[in-house]
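Chemist: My questions all concern the structure below.
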Amino acid sequence: MNAPAIISHFDIKQRWMACHVKQAQFPTQESLAGYDIYHATSQPPKPFVMPAAPTTQPLTIYWVDSHPLMIQYAKLQAKQWPESDHANMLAYFAQLALQDGVEVAEARVSLCIGTQHGETCAAAMRVDTQENGQPISGIYDVIAPSDDARAQLLYALTEGTDNDHQWVIAG
């Protein structure tokens with residue numbers, strides 16, 4: 001995959017992340033500050049090969065499709081930042097919504113969380129775009145408590161796609 005396609009995919013993902021506070025009717029100062037922190041530290045993805053099915057599956061995976069799951073996603077993502085940034089990052093991640101009318105047309109985004117023993121301990125984002133007719137899927141903001149959990153999470157995010165996809169990953 002060429003570098004311009006990766007950067008285009010990354011830019012679409014960044015616009016999606018921004019639209020939830022930049023186009024929101026009532027963004028909070030904390031969510032705007034959280035976006036600024038997130039945006040300043042985001043790195044473009046690198047090419048990635050779809051993983052094989054993991055040998056162990058320590059997680060229970062949930063696709064984020066409701067407000068309670070979104071809050072779990074936001075809380076876990078916010079915990080990855082320095083304690084001094086937790087409140088701003090929680091406000092920012094909690095502002096994300098999968099269906100709120102401020103979407104970026106070129107992107108389809110899926111979020112998932114993973115639990116172990118009832119505790120949310122894993123999360124990731126998948127962003128699907130097209131670049132010159134080529135499907136590109138990116139995995140971002142991966143959090144997992146172990147290598148086995150990470151492998152399961154990555155496999156869940158790539159499962160069910162065809163071999164035509166180009167994959168990238170950051171995080």
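If you're wondering about the labels, chains in the structure tokens are A, B, ... by order shown, residues count from 1 in each chain, ligands from 1 in order shown.
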May I have the residues within 12 Å of Ala87 in chain A as number ranges by chain, using only C-alpha atoms and disregarding those fewer than 4 positions away in the same chain?
Modeler: A: 28-35, 37, 74-75, 77-83, 91-94
Chemist: Go ahead and save the residues from that selection, with C-alpha atoms, as an mmCIF file, in the first residue's frame.
Modeler:
data_model
loop_
_atom_site.group_PDB
_atom_site.id
_atom_site.type_symbol
_atom_site.label_atom_id
_atom_site.label_comp_id
_atom_site.auth_asym_id
_atom_site.auth_seq_id
_atom_site.Cartn_x
_atom_site.Cartn_y
_atom_site.Cartn_z
ATOM 1 C CA THR A 28 -17.479 21.169 26.508
ATOM 2 C CA GLN A 29 -14.147 22.852 27.129
ATOM 3 C CA GLU A 30 -12.904 19.529 28.518
ATOM 4 C CA SER A 31 -13.887 17.594 25.394
ATOM 5 C CA LEU A 32 -12.220 20.207 23.173
ATOM 6 C CA ALA A 33 -9.062 20.010 25.311
ATOM 7 C CA GLY A 34 -9.185 16.202 25.109
ATOM 8 C CA TYR A 35 -9.467 16.368 21.329
ATOM 9 C CA ILE A 37 -4.403 16.221 23.245
ATOM 10 C CA ALA A 74 -14.445 6.050 26.823
ATOM 11 C CA LYS A 75 -13.439 5.207 30.396
ATOM 12 C CA GLN A 77 -9.393 4.884 26.593
ATOM 13 C CA ALA A 78 -9.146 7.826 29.023
ATOM 14 C CA LYS A 79 -7.238 5.692 31.549
ATOM 15 C CA GLN A 80 -4.401 5.275 29.027
ATOM 16 C CA TRP A 81 -3.433 8.936 29.344
ATOM 17 C CA PRO A 82 -1.510 10.655 32.149
ATOM 18 C CA GLU A 83 -3.652 11.198 35.232
ATOM 19 C CA ALA A 91 -14.963 14.096 28.253
ATOM 20 C CA TYR A 92 -13.572 13.764 24.720
ATOM 21 C CA PHE A 93 -14.022 9.999 24.316
ATOM 22 C CA ALA A 94 -17.482 10.141 25.904
#
Chemist: Taking the backbone alone, and naming residues the way the document does, which bits of range 22-73 of chain A are helix (DSSP H, G or I) by DSSP, as an MDAnalysis selection string?
Modeler: chainID A and resid 22 29:41 67:73
Chemist: May I have the selected residues written with C-alpha atoms, as a PDB file, in the first residue's frame?
Modeler:
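See again-v7.pdb below for the written result:
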ATOM      1  CA  LYS A  22     -15.770  20.362  16.328  1.00  0.00           C
ATOM      2  CA  GLN A  29     -14.147  22.852  27.129  1.00  0.00           C
ATOM      3  CA  GLU A  30     -12.904  19.529  28.518  1.00  0.00           C
ATOM      4  CA  SER A  31     -13.887  17.594  25.394  1.00  0.00           C
ATOM      5  CA  LEU A  32     -12.220  20.207  23.173  1.00  0.00           C
ATOM      6  CA  ALA A  33      -9.062  20.010  25.311  1.00  0.00           C
ATOM      7  CA  GLY A  34      -9.185  16.202  25.109  1.00  0.00           C
ATOM      8  CA  TYR A  35      -9.467  16.368  21.329  1.00  0.00           C
ATOM      9  CA  ASP A  36      -6.441  18.683  21.166  1.00  0.00           C
ATOM     10  CA  ILE A  37      -4.403  16.221  23.245  1.00  0.00           C
ATOM     11  CA  TYR A  38      -5.549  13.245  21.149  1.00  0.00           C
ATOM     12  CA  HIS A  39      -4.930  14.998  17.843  1.00  0.00           C
ATOM     13  CA  ALA A  40      -1.455  16.190  18.856  1.00  0.00           C
ATOM     14  CA  THR A  41      -0.317  12.673  19.777  1.00  0.00           C
ATOM     15  CA  HIS A  67     -24.482   4.320  25.282  1.00  0.00           C
ATOM     16  CA  PRO A  68     -23.415   2.117  28.241  1.00  0.00           C
ATOM     17  CA  LEU A  69     -20.837   0.337  26.044  1.00  0.00           C
ATOM     18  CA  MET A  70     -19.634   3.694  24.675  1.00  0.00           C
ATOM     19  CA  ILE A  71     -19.053   4.897  28.239  1.00  0.00           C
ATOM     20  CA  GLN A  72     -17.019   1.738  28.973  1.00  0.00           C
ATOM     21  CA  TYR A  73     -14.973   2.404  25.819  1.00  0.00           C
TER      22      TYR A  73
END
Chemist: Could you give me, as a PyMOL selection string, the residues within 7 Å of range 49-55 of chain A, counting only C-alpha atoms and dropping anything in the same chain fewer than 4 positions from it?
Modeler: chain A and resi 151-152+155+158+167
Chemist: Write out as an MDAnalysis selection string all residues of chain A that backbone DSSP assigns to strand (DSSP E or B).
Modeler: chainID A and resid 46:48 60:63 108:116 119:131 134:143 166:170
Chemist: Write the residues of the selection above to a file with C-alpha atoms, as a PDB file, in the first residue's frame.
Modeler:
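result_3.pdb was written with the following content:
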ATOM      1  CA  LYS A  46       1.509   1.250   9.276  1.00  0.00           C
ATOM      2  CA  PRO A  47       0.619  -1.663   6.983  1.00  0.00           C
ATOM      3  CA  PHE A  48      -0.664  -4.691   8.863  1.00  0.00           C
ATOM      4  CA  THR A  60     -15.562 -11.575  25.924  1.00  0.00           C
ATOM      5  CA  ILE A  61     -15.855  -9.118  23.010  1.00  0.00           C
ATOM      6  CA  TYR A  62     -18.697  -6.610  22.636  1.00  0.00           C
ATOM      7  CA  TRP A  63     -19.313  -4.325  19.670  1.00  0.00           C
ATOM      8  CA  ARG A 108     -17.446   3.643   8.628  1.00  0.00           C
ATOM      9  CA  VAL A 109     -16.306   3.246  12.214  1.00  0.00           C
ATOM     10  CA  SER A 110     -16.736   0.321  14.588  1.00  0.00           C
ATOM     11  CA  LEU A 111     -15.659   0.245  18.215  1.00  0.00           C
ATOM     12  CA  CYS A 112     -15.315  -2.772  20.435  1.00  0.00           C
ATOM     13  CA  ILE A 113     -14.489  -3.522  24.017  1.00  0.00           C
ATOM     14  CA  GLY A 114     -13.334  -6.705  25.693  1.00  0.00           C
ATOM     15  CA  THR A 115     -13.979  -7.877  29.215  1.00  0.00           C
ATOM     16  CA  GLN A 116     -12.347 -10.405  31.500  1.00  0.00           C
ATOM     17  CA  GLU A 119     -14.101  -5.932  33.936  1.00  0.00           C
ATOM     18  CA  THR A 120     -13.563  -3.868  30.780  1.00  0.00           C
ATOM     19  CA  CYS A 121      -9.880  -4.327  29.943  1.00  0.00           C
ATOM     20  CA  ALA A 122      -9.590  -4.147  26.155  1.00  0.00           C
ATOM     21  CA  ALA A 123     -10.749  -1.770  23.435  1.00  0.00           C
ATOM     22  CA  ALA A 124     -10.058  -0.805  19.843  1.00  0.00           C
ATOM     23  CA  MET A 125     -11.429   1.137  16.889  1.00  0.00           C
ATOM     24  CA  ARG A 126     -11.808  -0.021  13.287  1.00  0.00           C
ATOM     25  CA  VAL A 127     -12.118   2.565  10.513  1.00  0.00           C
ATOM     26  CA  ASP A 128     -13.137   1.471   7.004  1.00  0.00           C
ATOM     27  CA  THR A 129     -12.540   3.748   4.019  1.00  0.00           C
ATOM     28  CA  GLN A 130     -12.029   3.480   0.254  1.00  0.00           C
ATOM     29  CA  GLU A 131      -9.054   4.876  -1.629  1.00  0.00           C
ATOM     30  CA  GLN A 134      -9.529  -0.107  -2.763  1.00  0.00           C
ATOM     31  CA  PRO A 135     -11.009  -0.916   0.656  1.00  0.00           C
ATOM     32  CA  ILE A 136      -8.702   0.126   3.492  1.00  0.00           C
ATOM     33  CA  SER A 137      -9.372  -0.859   7.081  1.00  0.00           C
ATOM     34  CA  GLY A 138      -7.441   0.598   9.967  1.00  0.00           C
ATOM     35  CA  ILE A 139      -7.219  -0.501  13.570  1.00  0.00           C
ATOM     36  CA  TYR A 140      -6.530   2.244  16.096  1.00  0.00           C
ATOM     37  CA  ASP A 141      -6.208   2.876  19.830  1.00  0.00           C
ATOM     38  CA  VAL A 142      -5.706  -0.783  20.759  1.00  0.00           C
ATOM     39  CA  ILE A 143      -5.715  -1.574  24.463  1.00  0.00           C
ATOM     40  CA  GLN A 166      -5.606  -3.428   2.782  1.00  0.00           C
ATOM     41  CA  TRP A 167      -4.993  -3.250   6.543  1.00  0.00           C
ATOM     42  CA  VAL A 168      -3.178  -0.650   8.605  1.00  0.00           C
ATOM     43  CA  ILE A 169      -2.688  -0.354  12.362  1.00  0.00           C
ATOM     44  CA  ALA A 170      -1.717   2.324  14.863  1.00  0.00           C
TER      45      ALA A 170
END
Chemist: Have a look at CA of Gln23 in chain A and CA of Pro4 in chain A and let me know their distance in Å, one decimal.
Modeler: 26.3 Å
